[in-house]
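Colleague: File follows, structure27.txt with compact mmCIF, C-alpha atoms:
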```txt
# COMPACT_ATOMS: atom_id res chain seq x y z
CA MET A 1 65.75 65.97 -167.95
CA ARG A 2 66.13 62.94 -165.69
CA VAL A 3 63.93 62.66 -162.60
CA LEU A 4 64.08 60.26 -159.65
CA GLY A 5 60.62 59.69 -158.21
CA ILE A 6 60.41 58.35 -154.67
CA ASP A 7 57.30 56.84 -153.08
CA PRO A 8 58.54 56.82 -149.49
CA GLY A 9 57.84 53.99 -147.06
CA LEU A 10 59.61 52.08 -144.34
CA THR A 11 58.62 48.58 -145.52
CA ARG A 12 58.63 49.35 -149.25
CA CYS A 13 60.19 52.49 -150.72
CA GLY A 14 59.58 52.82 -154.46
CA MET A 15 62.23 54.47 -156.65
CA GLY A 16 61.76 55.17 -160.35
CA VAL A 17 63.97 57.05 -162.78
CA VAL A 18 62.49 58.57 -165.94
CA ASP A 19 64.13 60.54 -168.75
CA GLY A 20 62.26 63.02 -170.89
CA ASP A 21 60.81 66.44 -171.45
CA VAL A 22 57.36 67.97 -171.72
CA GLY A 23 55.82 67.09 -175.08
CA ARG A 24 58.26 64.30 -175.88
CA PRO A 25 58.08 60.54 -175.24
CA LEU A 26 59.32 59.60 -171.77
CA THR A 27 61.71 56.71 -171.13
CA LEU A 28 62.02 54.37 -168.18
CA VAL A 29 65.64 54.33 -166.96
CA ASP A 30 65.31 52.11 -163.89
CA VAL A 31 62.81 51.15 -161.22
CA ASN A 32 63.20 49.38 -157.90
CA VAL A 33 61.58 48.93 -154.52
CA LEU A 34 63.77 49.15 -151.42
CA ARG A 35 62.51 46.80 -148.75
CA THR A 36 63.41 46.78 -145.07
CA SER A 37 62.32 44.19 -142.55
CA SER A 38 59.84 45.19 -139.87
CA SER A 39 61.84 43.05 -137.44
CA LEU A 40 64.73 45.55 -137.54
CA PRO A 41 64.93 48.73 -135.44
CA VAL A 42 63.48 51.76 -137.25
CA ALA A 43 66.83 53.60 -137.20
CA GLU A 44 68.53 50.73 -139.07
CA ARG A 45 65.71 50.64 -141.60
CA LEU A 46 66.09 54.38 -142.19
CA VAL A 47 69.84 53.99 -142.71
CA THR A 48 69.14 51.27 -145.32
CA ILE A 49 66.78 53.64 -147.12
CA GLU A 50 69.37 56.43 -146.98
CA LYS A 51 72.00 54.14 -148.50
CA GLY A 52 69.61 52.96 -151.21
CA VAL A 53 68.60 56.47 -152.22
CA ASP A 54 72.22 57.68 -152.15
CA ALA A 55 73.30 54.73 -154.30
CA TRP A 56 70.67 55.61 -156.92
CA LEU A 57 71.60 59.29 -156.89
CA ASP A 58 75.20 58.22 -157.54
CA GLU A 59 74.25 55.73 -160.23
CA HIS A 60 71.58 57.64 -162.14
CA ARG A 61 72.58 61.29 -161.55
CA PRO A 62 69.05 62.73 -161.80
CA ASP A 63 68.51 66.43 -162.49
CA ALA A 64 65.70 66.56 -159.93
CA VAL A 65 64.01 64.45 -157.26
CA ALA A 66 60.25 64.18 -156.73
CA VAL A 67 58.96 62.78 -153.43
CA GLU A 68 55.36 62.00 -152.56
CA ARG A 69 54.01 64.48 -150.03
CA VAL A 70 52.86 62.68 -146.87
CA PHE A 71 49.88 63.88 -144.87
CA ALA A 72 49.26 63.50 -141.17
CA ARG A 73 45.77 62.21 -141.92
CA SER A 74 47.15 59.21 -143.83
CA ASP A 75 46.99 55.68 -142.41
CA VAL A 76 48.00 56.13 -138.78
CA SER A 77 49.71 52.75 -138.48
CA THR A 78 52.30 53.59 -141.13
CA VAL A 79 52.32 57.39 -141.37
CA MET A 80 55.21 57.99 -138.95
CA GLY A 81 57.50 55.58 -140.79
CA THR A 82 56.44 57.06 -144.11
CA ALA A 83 57.15 60.58 -142.85
CA GLN A 84 60.57 59.53 -141.59
CA ALA A 85 61.43 57.76 -144.85
CA SER A 86 60.31 60.83 -146.85
CA GLY A 87 62.50 63.05 -144.63
CA ILE A 88 65.53 60.85 -145.34
CA ALA A 89 64.86 60.92 -149.09
CA MET A 90 64.50 64.72 -148.98
CA VAL A 91 67.77 65.11 -147.07
CA CYS A 92 69.62 62.87 -149.56
CA ALA A 93 68.51 65.18 -152.39
CA ALA A 94 69.02 68.45 -150.51
CA ARG A 95 72.55 67.52 -149.39
CA ARG A 96 73.53 67.36 -153.05
CA GLY A 97 71.76 70.60 -153.87
CA LEU A 98 69.36 68.78 -156.22
CA PRO A 99 66.04 70.47 -157.01
CA LEU A 100 63.39 68.71 -154.94
CA ALA A 101 59.64 68.78 -155.33
CA LEU A 102 56.83 67.25 -153.32
CA HIS A 103 53.73 66.15 -155.19
CA THR A 104 50.53 65.00 -153.50
CA PRO A 105 48.96 61.65 -154.43
CA SER A 106 46.04 63.55 -156.04
CA GLU A 107 48.39 65.65 -158.15
CA VAL A 108 50.15 62.51 -159.36
CA LYS A 109 46.90 60.68 -160.13
CA ALA A 110 45.54 63.71 -161.97
CA ALA A 111 48.77 64.17 -163.95
CA VAL A 112 49.05 60.61 -165.23
CA SER A 113 45.37 59.62 -165.52
CA GLY A 114 43.44 62.89 -165.64
CA ASN A 115 41.57 61.81 -162.50
CA GLY A 116 42.77 62.90 -159.04
CA ARG A 117 40.90 59.97 -157.51
CA ALA A 118 42.21 57.24 -159.82
CA ASP A 119 42.94 53.89 -158.16
CA LYS A 120 46.28 52.06 -158.09
CA ALA A 121 45.38 49.92 -161.11
CA GLN A 122 44.54 52.97 -163.23
CA VAL A 123 47.77 54.72 -162.25
CA GLY A 124 49.74 51.55 -163.00
CA ALA A 125 48.03 51.13 -166.38
CA MET A 126 48.78 54.73 -167.35
CA VAL A 127 52.42 54.48 -166.25
CA THR A 128 52.75 51.34 -168.38
CA ARG A 129 51.26 53.13 -171.39
CA ILE A 130 53.17 56.42 -170.95
CA LEU A 131 56.51 54.62 -170.65
CA ARG A 132 55.56 52.06 -173.35
CA LEU A 133 56.33 49.09 -171.10
CA ASP A 134 55.38 45.47 -171.79
CA ALA A 135 54.00 44.95 -168.29
CA MET A 136 52.85 47.03 -165.35
CA PRO A 137 55.72 47.70 -162.89
CA ARG A 138 55.00 45.88 -159.62
CA PRO A 139 54.48 46.25 -156.74
CA ALA A 140 52.33 49.42 -156.76
CA ASP A 141 55.16 51.32 -155.01
CA ALA A 142 57.24 50.90 -158.19
CA SER A 143 54.44 52.27 -160.42
CA ASP A 144 53.81 55.10 -157.96
CA ALA A 145 57.46 56.14 -157.96
CA LEU A 146 57.46 56.24 -161.77
CA ALA A 147 54.19 58.19 -161.74
CA LEU A 148 55.86 60.76 -159.46
CA ALA A 149 58.77 61.14 -161.88
CA ILE A 150 56.39 61.47 -164.85
CA THR A 151 54.33 64.07 -162.95
CA HIS A 152 57.44 66.02 -162.15
CA ILE A 153 58.57 66.14 -165.77
CA TRP A 154 55.14 67.14 -167.05
CA ARG A 155 54.59 69.78 -164.36
CA GLY A 156 58.24 70.77 -164.45
CA GLY A 157 58.17 73.13 -167.39
CA ALA A 158 55.42 75.32 -166.03
CA GLN A 159 56.58 75.07 -162.41
CA ALA A 160 60.16 76.00 -163.29
CA ARG A 161 58.93 79.12 -165.08
CA ILE A 162 56.72 80.08 -162.11
CA ASP A 163 59.60 79.50 -159.68
CA ALA A 164 61.98 81.57 -161.79
CA ALA A 165 59.46 84.41 -161.99
CA LEU A 166 58.83 84.35 -158.25
CA ALA A 167 62.54 84.10 -157.47
CA ALA A 168 63.14 87.07 -159.74
CA ALA A 169 60.46 88.90 -157.77
CA GLY A 170 62.53 88.21 -154.65
CA ARG A 171 60.20 85.71 -153.04
CA ARG A 172 61.37 82.53 -151.43
CA ILE A 173 59.75 79.38 -152.82
CA ARG A 174 58.89 76.56 -150.43
CA MET B 1 77.91 57.28 -119.32
CA ARG B 2 77.22 60.27 -121.53
CA VAL B 3 73.84 60.59 -123.22
CA LEU B 4 72.61 62.98 -125.90
CA GLY B 5 68.89 63.61 -125.53
CA ILE B 6 67.03 64.95 -128.56
CA ASP B 7 63.56 66.52 -128.50
CA PRO B 8 62.95 66.52 -132.26
CA GLY B 9 61.24 69.35 -134.07
CA LEU B 10 61.55 71.24 -137.32
CA THR B 11 61.28 74.75 -135.84
CA ARG B 12 63.04 73.97 -132.56
CA CYS B 13 65.05 70.81 -131.97
CA GLY B 14 66.30 70.49 -128.38
CA MET B 15 69.63 68.79 -127.71
CA GLY B 16 70.95 68.10 -124.23
CA VAL B 17 74.03 66.19 -123.12
CA VAL B 18 74.21 64.70 -119.62
CA ASP B 19 76.95 62.71 -117.91
CA GLY B 20 76.29 60.26 -115.11
CA ASP B 21 75.21 56.86 -113.91
CA VAL B 22 72.28 55.40 -112.04
CA GLY B 23 72.55 56.29 -108.36
CA ARG B 24 75.11 59.06 -108.83
CA PRO B 25 74.69 62.81 -109.33
CA LEU B 26 74.16 63.73 -112.98
CA THR B 27 76.00 66.58 -114.70
CA LEU B 28 74.91 68.91 -117.46
CA VAL B 29 77.50 68.90 -120.25
CA ASP B 30 75.80 71.11 -122.81
CA VAL B 31 72.36 72.12 -123.99
CA ASN B 32 71.15 73.87 -127.11
CA VAL B 33 68.13 74.36 -129.32
CA LEU B 34 68.59 74.10 -133.07
CA ARG B 35 66.26 76.48 -134.85
CA THR B 36 65.30 76.49 -138.51
CA SER B 37 63.19 79.08 -140.22
CA SER B 38 59.72 78.13 -141.43
CA SER B 39 60.36 80.26 -144.51
CA LEU B 40 62.92 77.71 -145.76
CA PRO B 41 62.06 74.52 -147.69
CA VAL B 42 61.60 71.51 -145.40
CA ALA B 43 64.49 69.62 -147.01
CA GLU B 44 66.91 72.47 -146.19
CA ARG B 45 65.63 72.58 -142.62
CA LEU B 46 66.19 68.84 -142.25
CA VAL B 47 69.74 69.18 -143.58
CA THR B 48 70.40 71.90 -140.96
CA ILE B 49 69.14 69.56 -138.24
CA GLU B 50 71.31 66.74 -139.57
CA LYS B 51 74.39 68.99 -139.51
CA GLY B 52 73.58 70.19 -136.00
CA VAL B 53 73.12 66.69 -134.60
CA ASP B 54 76.25 65.43 -136.37
CA ALA B 55 78.26 68.37 -135.01
CA TRP B 56 77.18 67.54 -131.46
CA LEU B 57 77.93 63.83 -131.89
CA ASP B 58 81.43 64.85 -133.04
CA GLU B 59 81.92 67.35 -130.23
CA HIS B 60 80.42 65.48 -127.27
CA ARG B 61 80.96 61.83 -128.26
CA PRO B 62 77.96 60.45 -126.34
CA ASP B 63 77.75 56.74 -125.45
CA ALA B 64 74.08 56.67 -126.38
CA VAL B 65 71.36 58.79 -127.95
CA ALA B 66 67.80 59.13 -126.64
CA VAL B 67 65.11 60.54 -128.94
CA GLU B 68 61.54 61.38 -128.02
CA ARG B 69 59.11 58.92 -129.57
CA VAL B 70 56.63 60.73 -131.83
CA PHE B 71 53.05 59.56 -132.18
CA ALA B 72 50.75 59.96 -135.16
CA ARG B 73 48.04 61.27 -132.86
CA SER B 74 50.18 64.26 -131.83
CA ASP B 75 49.43 67.81 -133.01
CA VAL B 76 48.59 67.34 -136.69
CA SER B 77 50.03 70.70 -137.79
CA THR B 78 53.55 69.82 -136.66
CA VAL B 79 53.64 66.02 -136.45
CA MET B 80 55.02 65.39 -139.95
CA GLY B 81 57.95 67.77 -139.42
CA THR B 82 58.56 66.30 -135.98
CA ALA B 83 58.54 62.76 -137.40
CA GLN B 84 60.97 63.77 -140.14
CA ALA B 85 63.30 65.52 -137.67
CA SER B 86 63.23 62.47 -135.39
CA GLY B 87 64.06 60.22 -138.35
CA ILE B 88 67.09 62.38 -139.18
CA ALA B 89 68.29 62.29 -135.56
CA MET B 90 67.86 58.51 -135.48
CA VAL B 91 69.82 58.07 -138.70
CA CYS B 92 72.66 60.28 -137.39
CA ALA B 93 72.99 57.98 -134.36
CA ALA B 94 72.50 54.71 -136.24
CA ARG B 95 75.08 55.59 -138.91
CA ARG B 96 77.69 55.74 -136.15
CA GLY B 97 76.49 52.53 -134.54
CA LEU B 98 75.50 54.39 -131.37
CA PRO B 99 72.93 52.75 -129.08
CA LEU B 100 69.64 54.54 -129.67
CA ALA B 101 66.52 54.54 -127.53
CA LEU B 102 63.12 56.11 -128.00
CA HIS B 103 61.28 57.27 -124.88
CA THR B 104 57.69 58.46 -124.87
CA PRO B 105 56.79 61.84 -123.33
CA SER B 106 54.96 59.99 -120.52
CA GLU B 107 58.00 57.85 -119.75
CA VAL B 108 60.16 60.97 -119.55
CA LYS B 109 57.70 62.85 -117.34
CA ALA B 110 57.32 59.83 -115.06
CA ALA B 111 61.09 59.32 -114.84
CA VAL B 112 62.00 62.88 -113.86
CA SER B 113 58.91 63.93 -111.87
CA GLY B 114 57.21 60.68 -110.82
CA ASN B 115 54.11 61.81 -112.73
CA GLY B 116 53.50 60.67 -116.33
CA ARG B 117 51.17 63.65 -116.83
CA ALA B 118 53.45 66.34 -115.43
CA ASP B 119 53.36 69.69 -117.26
CA LYS B 120 56.29 71.45 -118.93
CA ALA B 121 56.97 73.62 -115.85
CA GLN B 122 57.20 70.58 -113.56
CA VAL B 123 59.55 68.78 -115.93
CA GLY B 124 61.69 71.92 -116.23
CA ALA B 125 61.80 72.37 -112.45
CA MET B 126 62.87 68.76 -111.90
CA VAL B 127 65.54 68.96 -114.62
CA THR B 128 66.89 72.09 -112.92
CA ARG B 129 66.97 70.31 -109.54
CA ILE B 130 68.40 67.01 -110.81
CA LEU B 131 71.23 68.75 -112.66
CA ARG B 132 71.71 71.33 -109.85
CA LEU B 133 71.35 74.29 -112.23
CA ASP B 134 70.89 77.93 -111.22
CA ALA B 135 68.04 78.46 -113.64
CA MET B 136 65.61 76.40 -115.66
CA PRO B 137 66.96 75.69 -119.17
CA ARG B 138 64.81 77.51 -121.73
CA PRO B 139 62.97 77.14 -124.01
CA ALA B 140 61.04 74.02 -122.97
CA ASP B 141 62.68 72.08 -125.83
CA ALA B 142 66.02 72.47 -124.02
CA SER B 143 64.59 71.13 -120.73
CA ASP B 144 62.83 68.31 -122.57
CA ALA B 145 66.03 67.22 -124.29
CA LEU B 146 67.85 67.13 -120.93
CA ALA B 147 64.91 65.23 -119.39
CA LEU B 148 65.27 62.63 -122.17
CA ALA B 149 68.97 62.20 -121.43
CA ILE B 150 68.26 61.90 -117.67
CA THR B 151 65.51 59.35 -118.35
CA HIS B 152 67.86 57.34 -120.51
CA ILE B 153 70.56 57.21 -117.86
CA TRP B 154 68.12 56.27 -115.10
CA ARG B 155 66.32 53.65 -117.18
CA GLY B 156 69.55 52.58 -118.81
CA GLY B 157 70.83 50.24 -116.17
CA ALA B 158 67.70 48.12 -116.00
CA GLN B 159 67.00 48.32 -119.74
CA ALA B 160 70.53 47.29 -120.67
CA ARG B 161 70.21 44.21 -118.48
CA ILE B 162 66.84 43.31 -120.00
CA ASP B 163 68.20 43.81 -123.53
CA ALA B 164 71.24 41.67 -122.81
CA ALA B 165 69.05 38.90 -121.38
CA LEU B 166 66.70 39.00 -124.37
CA ALA B 167 69.57 39.14 -126.84
CA ALA B 168 71.11 36.14 -125.12
CA ALA B 169 67.77 34.40 -125.55
CA GLY B 170 68.07 35.03 -129.28
CA ARG B 171 65.36 37.62 -129.61
CA ARG B 172 65.75 40.75 -131.63
CA ILE B 173 65.08 43.97 -129.69
CA ARG B 174 63.32 46.79 -131.48
```
As structure tokens - that is how I would like this structure written.
Modeller:
Amino acid sequence: MRVLGIDPGLTRCGMGVVDGDVGRPLTLVDVNVLRTSSSLPVAERLVTIEKGVDAWLDEHRPDAVAVERVFARSDVSTVMGTAQASGIAMVCAARRGLPLALHTPSEVKAAVSGNGRADKAQVGAMVTRILRLDAMPRPADASDALALAITHIWRGGAQARIDAALAAAGRRIR
Amino acid sequence: MRVLGIDPGLTRCGMGVVDGDVGRPLTLVDVNVLRTSSSLPVAERLVTIEKGVDAWLDEHRPDAVAVERVFARSDVSTVMGTAQASGIAMVCAARRGLPLALHTPSEVKAAVSGNGRADKAQVGAMVTRILRLDAMPRPADASDALALAITHIWRGGAQARIDAALAAAGRRIR
């Protein structure tokens, strides 16, 4: 399966595409960081992010999209922009009917490094190793987006089975 | 001028359209509250809001859009959804190149009631009076959306002149 991981942000929005399946080697397809200038109005910055995400959905045709879950208790100075950028990314996926999952930063850290409190350097080092890259993807937003995609693939198998079982039981999954 | 005011929210998103100019009687064009079920995934709810806002932009062709400015220090349980809904509304306006303004709740309360700390009932009563309605628009999200549109029209004249002067001076307005 191919997954687009998105680390949402207004100033830097990381996007990473990974191919693979549980139990097999994963492959980096593409990674990029969308940047928008803080001197522009927020609405214009959000439109730039929408266009960037849409362009990657067109180009890479992922089977699923994984977006970092944003919490209200995050850094107050950037949390509103991050929430808005995540909303745009979610809408881009949902409009196309793509499966969408939100993973928390702790879930991502735990999935790639085995430690839910790993720091950026550890996550970056593990992403580099898992994808067999020559160098750590930079900036951290790029590594984080790839880590989201990796997490989604590795959690995907189990989660898809749980979802299917719950759906069969007639419950709506959030 | 015709203004679409949007009081963003995931569960209830108020939309109010008002016609008028500074110093003239204002007219209610239409008012509605978009509702999305909390049992649905957030991404689906955001897509519903996007469709609703787009439908009203098509139907009412406003000259400008006014969205309530959301703060990170707002109610933590709903602030992320509110931020995401506001981002969607902003993108809908910006995609069409419509002038977009963000007004804070205090600015709106002060504009319609003369008191930046007015309560919901006071704002609703003033909206009813200003638009010469028979009854207060309900729920409060409907009144708040109309209050945003009224605020925008009343502040519009002065703000447009300030923006034009600053733009002429080569400064970028956020």
Colleague: Write out as a list in words the residues lying within 10 Å of B:Trp154, counting all atoms listed in the file and excluding same-chain residues fewer than 2 positions away.
Modeller: Gly20, Asp21, Val22, Gly23, Arg24, Leu26, Ala111, Val112, Leu148, Ala149, Ile150, Thr151, His152, Gly156, Gly157, Ala158 and Gln159 of chain B
Colleague: Report chain B as a CSV table (one decimal) with C-alpha atoms, keeping the file's coordinate frame in the frame of chain A, after least-squares superposition over all C-alpha atoms paired in order.
Modeller:
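As a result, selection_23.csv now contains:
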```
chain,number,residue,atom,x,y,z
B,1,MET,CA,65.8,65.9,-168.0
B,2,ARG,CA,66.2,62.9,-165.7
B,3,VAL,CA,64.0,62.6,-162.6
B,4,LEU,CA,64.1,60.2,-159.7
B,5,GLY,CA,60.6,59.7,-158.2
B,6,ILE,CA,60.4,58.4,-154.7
B,7,ASP,CA,57.3,56.8,-153.1
B,8,PRO,CA,58.5,56.8,-149.5
B,9,GLY,CA,57.8,54.0,-147.1
B,10,LEU,CA,59.6,52.1,-144.4
B,11,THR,CA,58.6,48.6,-145.5
B,12,ARG,CA,58.6,49.4,-149.3
B,13,CYS,CA,60.2,52.5,-150.7
B,14,GLY,CA,59.6,52.8,-154.5
B,15,MET,CA,62.2,54.5,-156.6
B,16,GLY,CA,61.8,55.2,-160.3
B,17,VAL,CA,64.0,57.0,-162.8
B,18,VAL,CA,62.5,58.5,-165.9
B,19,ASP,CA,64.2,60.5,-168.8
B,20,GLY,CA,62.3,63.0,-170.9
B,21,ASP,CA,60.8,66.4,-171.5
B,22,VAL,CA,57.4,67.9,-171.7
B,23,GLY,CA,55.9,67.1,-175.1
B,24,ARG,CA,58.3,64.3,-175.9
B,25,PRO,CA,58.1,60.5,-175.2
B,26,LEU,CA,59.3,59.6,-171.8
B,27,THR,CA,61.7,56.7,-171.1
B,28,LEU,CA,62.0,54.3,-168.2
B,29,VAL,CA,65.6,54.3,-166.9
B,30,ASP,CA,65.3,52.1,-163.9
B,31,VAL,CA,62.8,51.1,-161.2
B,32,ASN,CA,63.2,49.4,-157.9
B,33,VAL,CA,61.6,48.9,-154.5
B,34,LEU,CA,63.7,49.1,-151.4
B,35,ARG,CA,62.5,46.8,-148.8
B,36,THR,CA,63.4,46.8,-145.1
B,37,SER,CA,62.3,44.2,-142.6
B,38,SER,CA,59.8,45.2,-139.9
B,39,SER,CA,61.8,43.0,-137.5
B,40,LEU,CA,64.7,45.5,-137.6
B,41,PRO,CA,64.9,48.7,-135.5
B,42,VAL,CA,63.5,51.7,-137.3
B,43,ALA,CA,66.8,53.6,-137.2
B,44,GLU,CA,68.5,50.7,-139.1
B,45,ARG,CA,65.7,50.6,-141.6
B,46,LEU,CA,66.1,54.4,-142.2
B,47,VAL,CA,69.8,53.9,-142.7
B,48,THR,CA,69.1,51.2,-145.3
B,49,ILE,CA,66.8,53.6,-147.1
B,50,GLU,CA,69.4,56.4,-147.0
B,51,LYS,CA,72.0,54.1,-148.5
B,52,GLY,CA,69.6,52.9,-151.2
B,53,VAL,CA,68.6,56.5,-152.2
B,54,ASP,CA,72.2,57.6,-152.2
B,55,ALA,CA,73.3,54.7,-154.3
B,56,TRP,CA,70.7,55.6,-156.9
B,57,LEU,CA,71.6,59.3,-156.9
B,58,ASP,CA,75.2,58.2,-157.5
B,59,GLU,CA,74.3,55.7,-160.3
B,60,HIS,CA,71.6,57.6,-162.1
B,61,ARG,CA,72.6,61.2,-161.5
B,62,PRO,CA,69.1,62.7,-161.8
B,63,ASP,CA,68.5,66.4,-162.5
B,64,ALA,CA,65.8,66.5,-159.9
B,65,VAL,CA,64.1,64.4,-157.3
B,66,ALA,CA,60.3,64.2,-156.7
B,67,VAL,CA,59.0,62.8,-153.4
B,68,GLU,CA,55.4,62.0,-152.6
B,69,ARG,CA,54.0,64.5,-150.0
B,70,VAL,CA,52.9,62.7,-146.9
B,71,PHE,CA,49.9,64.0,-144.9
B,72,ALA,CA,49.3,63.6,-141.2
B,73,ARG,CA,45.8,62.3,-141.9
B,74,SER,CA,47.1,59.3,-143.8
B,75,ASP,CA,47.0,55.8,-142.4
B,76,VAL,CA,48.0,56.2,-138.8
B,77,SER,CA,49.7,52.8,-138.5
B,78,THR,CA,52.3,53.7,-141.1
B,79,VAL,CA,52.3,57.5,-141.4
B,80,MET,CA,55.2,58.0,-139.0
B,81,GLY,CA,57.5,55.6,-140.8
B,82,THR,CA,56.4,57.1,-144.1
B,83,ALA,CA,57.2,60.6,-142.9
B,84,GLN,CA,60.6,59.5,-141.6
B,85,ALA,CA,61.4,57.8,-144.9
B,86,SER,CA,60.4,60.8,-146.9
B,87,GLY,CA,62.5,63.0,-144.6
B,88,ILE,CA,65.6,60.8,-145.3
B,89,ALA,CA,64.9,60.9,-149.1
B,90,MET,CA,64.6,64.7,-149.0
B,91,VAL,CA,67.8,65.1,-147.1
B,92,CYS,CA,69.6,62.8,-149.6
B,93,ALA,CA,68.5,65.2,-152.4
B,94,ALA,CA,69.1,68.4,-150.5
B,95,ARG,CA,72.6,67.5,-149.4
B,96,ARG,CA,73.6,67.3,-153.0
B,97,GLY,CA,71.8,70.6,-153.9
B,98,LEU,CA,69.4,68.7,-156.2
B,99,PRO,CA,66.1,70.4,-157.0
B,100,LEU,CA,63.4,68.7,-154.9
B,101,ALA,CA,59.7,68.8,-155.3
B,102,LEU,CA,56.9,67.3,-153.3
B,103,HIS,CA,53.8,66.2,-155.2
B,104,THR,CA,50.6,65.0,-153.5
B,105,PRO,CA,49.0,61.7,-154.4
B,106,SER,CA,46.1,63.6,-156.0
B,107,GLU,CA,48.4,65.7,-158.2
B,108,VAL,CA,50.2,62.5,-159.4
B,109,LYS,CA,46.9,60.7,-160.1
B,110,ALA,CA,45.6,63.8,-162.0
B,111,ALA,CA,48.8,64.2,-163.9
B,112,VAL,CA,49.1,60.6,-165.2
B,113,SER,CA,45.4,59.7,-165.5
B,114,GLY,CA,43.5,62.9,-165.6
B,115,ASN,CA,41.6,61.9,-162.5
B,116,GLY,CA,42.8,63.0,-159.0
B,117,ARG,CA,40.9,60.0,-157.5
B,118,ALA,CA,42.2,57.3,-159.8
B,119,ASP,CA,42.9,53.9,-158.1
B,120,LYS,CA,46.3,52.1,-158.1
B,121,ALA,CA,45.4,50.0,-161.1
B,122,GLN,CA,44.6,53.0,-163.2
B,123,VAL,CA,47.8,54.8,-162.2
B,124,GLY,CA,49.7,51.6,-163.0
B,125,ALA,CA,48.0,51.2,-166.4
B,126,MET,CA,48.8,54.8,-167.4
B,127,VAL,CA,52.4,54.5,-166.2
B,128,THR,CA,52.8,51.3,-168.4
B,129,ARG,CA,51.3,53.2,-171.4
B,130,ILE,CA,53.2,56.4,-171.0
B,131,LEU,CA,56.5,54.6,-170.7
B,132,ARG,CA,55.6,52.0,-173.4
B,133,LEU,CA,56.3,49.1,-171.1
B,134,ASP,CA,55.4,45.5,-171.8
B,135,ALA,CA,54.0,45.0,-168.3
B,136,MET,CA,52.8,47.0,-165.3
B,137,PRO,CA,55.7,47.7,-162.9
B,138,ARG,CA,55.0,45.9,-159.6
B,139,PRO,CA,54.5,46.3,-156.7
B,140,ALA,CA,52.3,49.4,-156.7
B,141,ASP,CA,55.2,51.3,-155.0
B,142,ALA,CA,57.2,50.9,-158.2
B,143,SER,CA,54.4,52.3,-160.4
B,144,ASP,CA,53.8,55.1,-158.0
B,145,ALA,CA,57.5,56.1,-158.0
B,146,LEU,CA,57.5,56.2,-161.8
B,147,ALA,CA,54.2,58.2,-161.7
B,148,LEU,CA,55.9,60.8,-159.5
B,149,ALA,CA,58.8,61.1,-161.9
B,150,ILE,CA,56.4,61.5,-164.8
B,151,THR,CA,54.4,64.1,-162.9
B,152,HIS,CA,57.5,66.0,-162.2
B,153,ILE,CA,58.6,66.1,-165.8
B,154,TRP,CA,55.2,67.1,-167.1
B,155,ARG,CA,54.6,69.8,-164.4
B,156,GLY,CA,58.3,70.8,-164.5
B,157,GLY,CA,58.2,73.1,-167.4
B,158,ALA,CA,55.4,75.3,-166.1
B,159,GLN,CA,56.5,75.1,-162.4
B,160,ALA,CA,60.1,76.0,-163.3
B,161,ARG,CA,58.8,79.1,-165.1
B,162,ILE,CA,56.6,80.1,-162.1
B,163,ASP,CA,59.5,79.5,-159.7
B,164,ALA,CA,61.9,81.6,-161.8
B,165,ALA,CA,59.3,84.4,-162.0
B,166,LEU,CA,58.6,84.3,-158.2
B,167,ALA,CA,62.3,84.1,-157.4
B,168,ALA,CA,62.9,87.1,-159.7
B,169,ALA,CA,60.2,88.9,-157.7
B,170,GLY,CA,62.3,88.2,-154.6
B,171,ARG,CA,60.0,85.7,-153.0
B,172,ARG,CA,61.2,82.5,-151.4
B,173,ILE,CA,59.6,79.4,-152.8
B,174,ARG,CA,58.9,76.5,-150.4
```
Colleague: List every residue of chain A that has an atom at most 7 Å from any atom of chain B, giving for each one its closest atom pair and the distance in Å to one decimal, counting only C-alpha atoms, sorted by chain and then by ascending residue number, as JSON lines.
Modeller:
```
{"residue": "A:Leu40", "atom": "CA", "partner": "B:Arg174", "partner_atom": "CA", "distance": 6.3}
{"residue": "A:Pro41", "atom": "CA", "partner": "B:Arg174", "partner_atom": "CA", "distance": 4.7}
{"residue": "A:Ala43", "atom": "CA", "partner": "B:Met90", "partner_atom": "CA", "distance": 5.3}
{"residue": "A:Glu44", "atom": "CA", "partner": "B:Ala94", "partner_atom": "CA", "distance": 6.3}
{"residue": "A:Leu46", "atom": "CA", "partner": "B:Val91", "partner_atom": "CA", "distance": 6.3}
{"residue": "A:Val47", "atom": "CA", "partner": "B:Val91", "partner_atom": "CA", "distance": 5.7}
{"residue": "A:Ala72", "atom": "CA", "partner": "B:Val76", "partner_atom": "CA", "distance": 5.9}
{"residue": "A:Val76", "atom": "CA", "partner": "B:Ala72", "partner_atom": "CA", "distance": 5.9}
{"residue": "A:Val79", "atom": "CA", "partner": "B:Ala72", "partner_atom": "CA", "distance": 6.9}
{"residue": "A:Met80", "atom": "CA", "partner": "B:Ala83", "partner_atom": "CA", "distance": 6.0}
{"residue": "A:Ala83", "atom": "CA", "partner": "B:Gln84", "partner_atom": "CA", "distance": 5.7}
{"residue": "A:Gln84", "atom": "CA", "partner": "B:Gln84", "partner_atom": "CA", "distance": 4.5}
{"residue": "A:Gly87", "atom": "CA", "partner": "B:Gln84", "partner_atom": "CA", "distance": 4.8}
{"residue": "A:Ile88", "atom": "CA", "partner": "B:Ile88", "partner_atom": "CA", "distance": 6.5}
{"residue": "A:Met90", "atom": "CA", "partner": "B:Ala43", "partner_atom": "CA", "distance": 5.3}
{"residue": "A:Val91", "atom": "CA", "partner": "B:Ala43", "partner_atom": "CA", "distance": 5.6}
{"residue": "A:Ala94", "atom": "CA", "partner": "B:Ala43", "partner_atom": "CA", "distance": 5.8}
{"residue": "A:Arg95", "atom": "CA", "partner": "B:Val47", "partner_atom": "CA", "distance": 6.7}
{"residue": "A:Arg174", "atom": "CA", "partner": "B:Pro41", "partner_atom": "CA", "distance": 4.7}
```
Colleague: Can you pull out the residues contacting B:Arg69? Cut-off 6 Å, using all atoms listed in the file, and skip same-chain residues under 2 positions away; I want them as a ChimeraX atom specification.
Modeller: /B:102-104
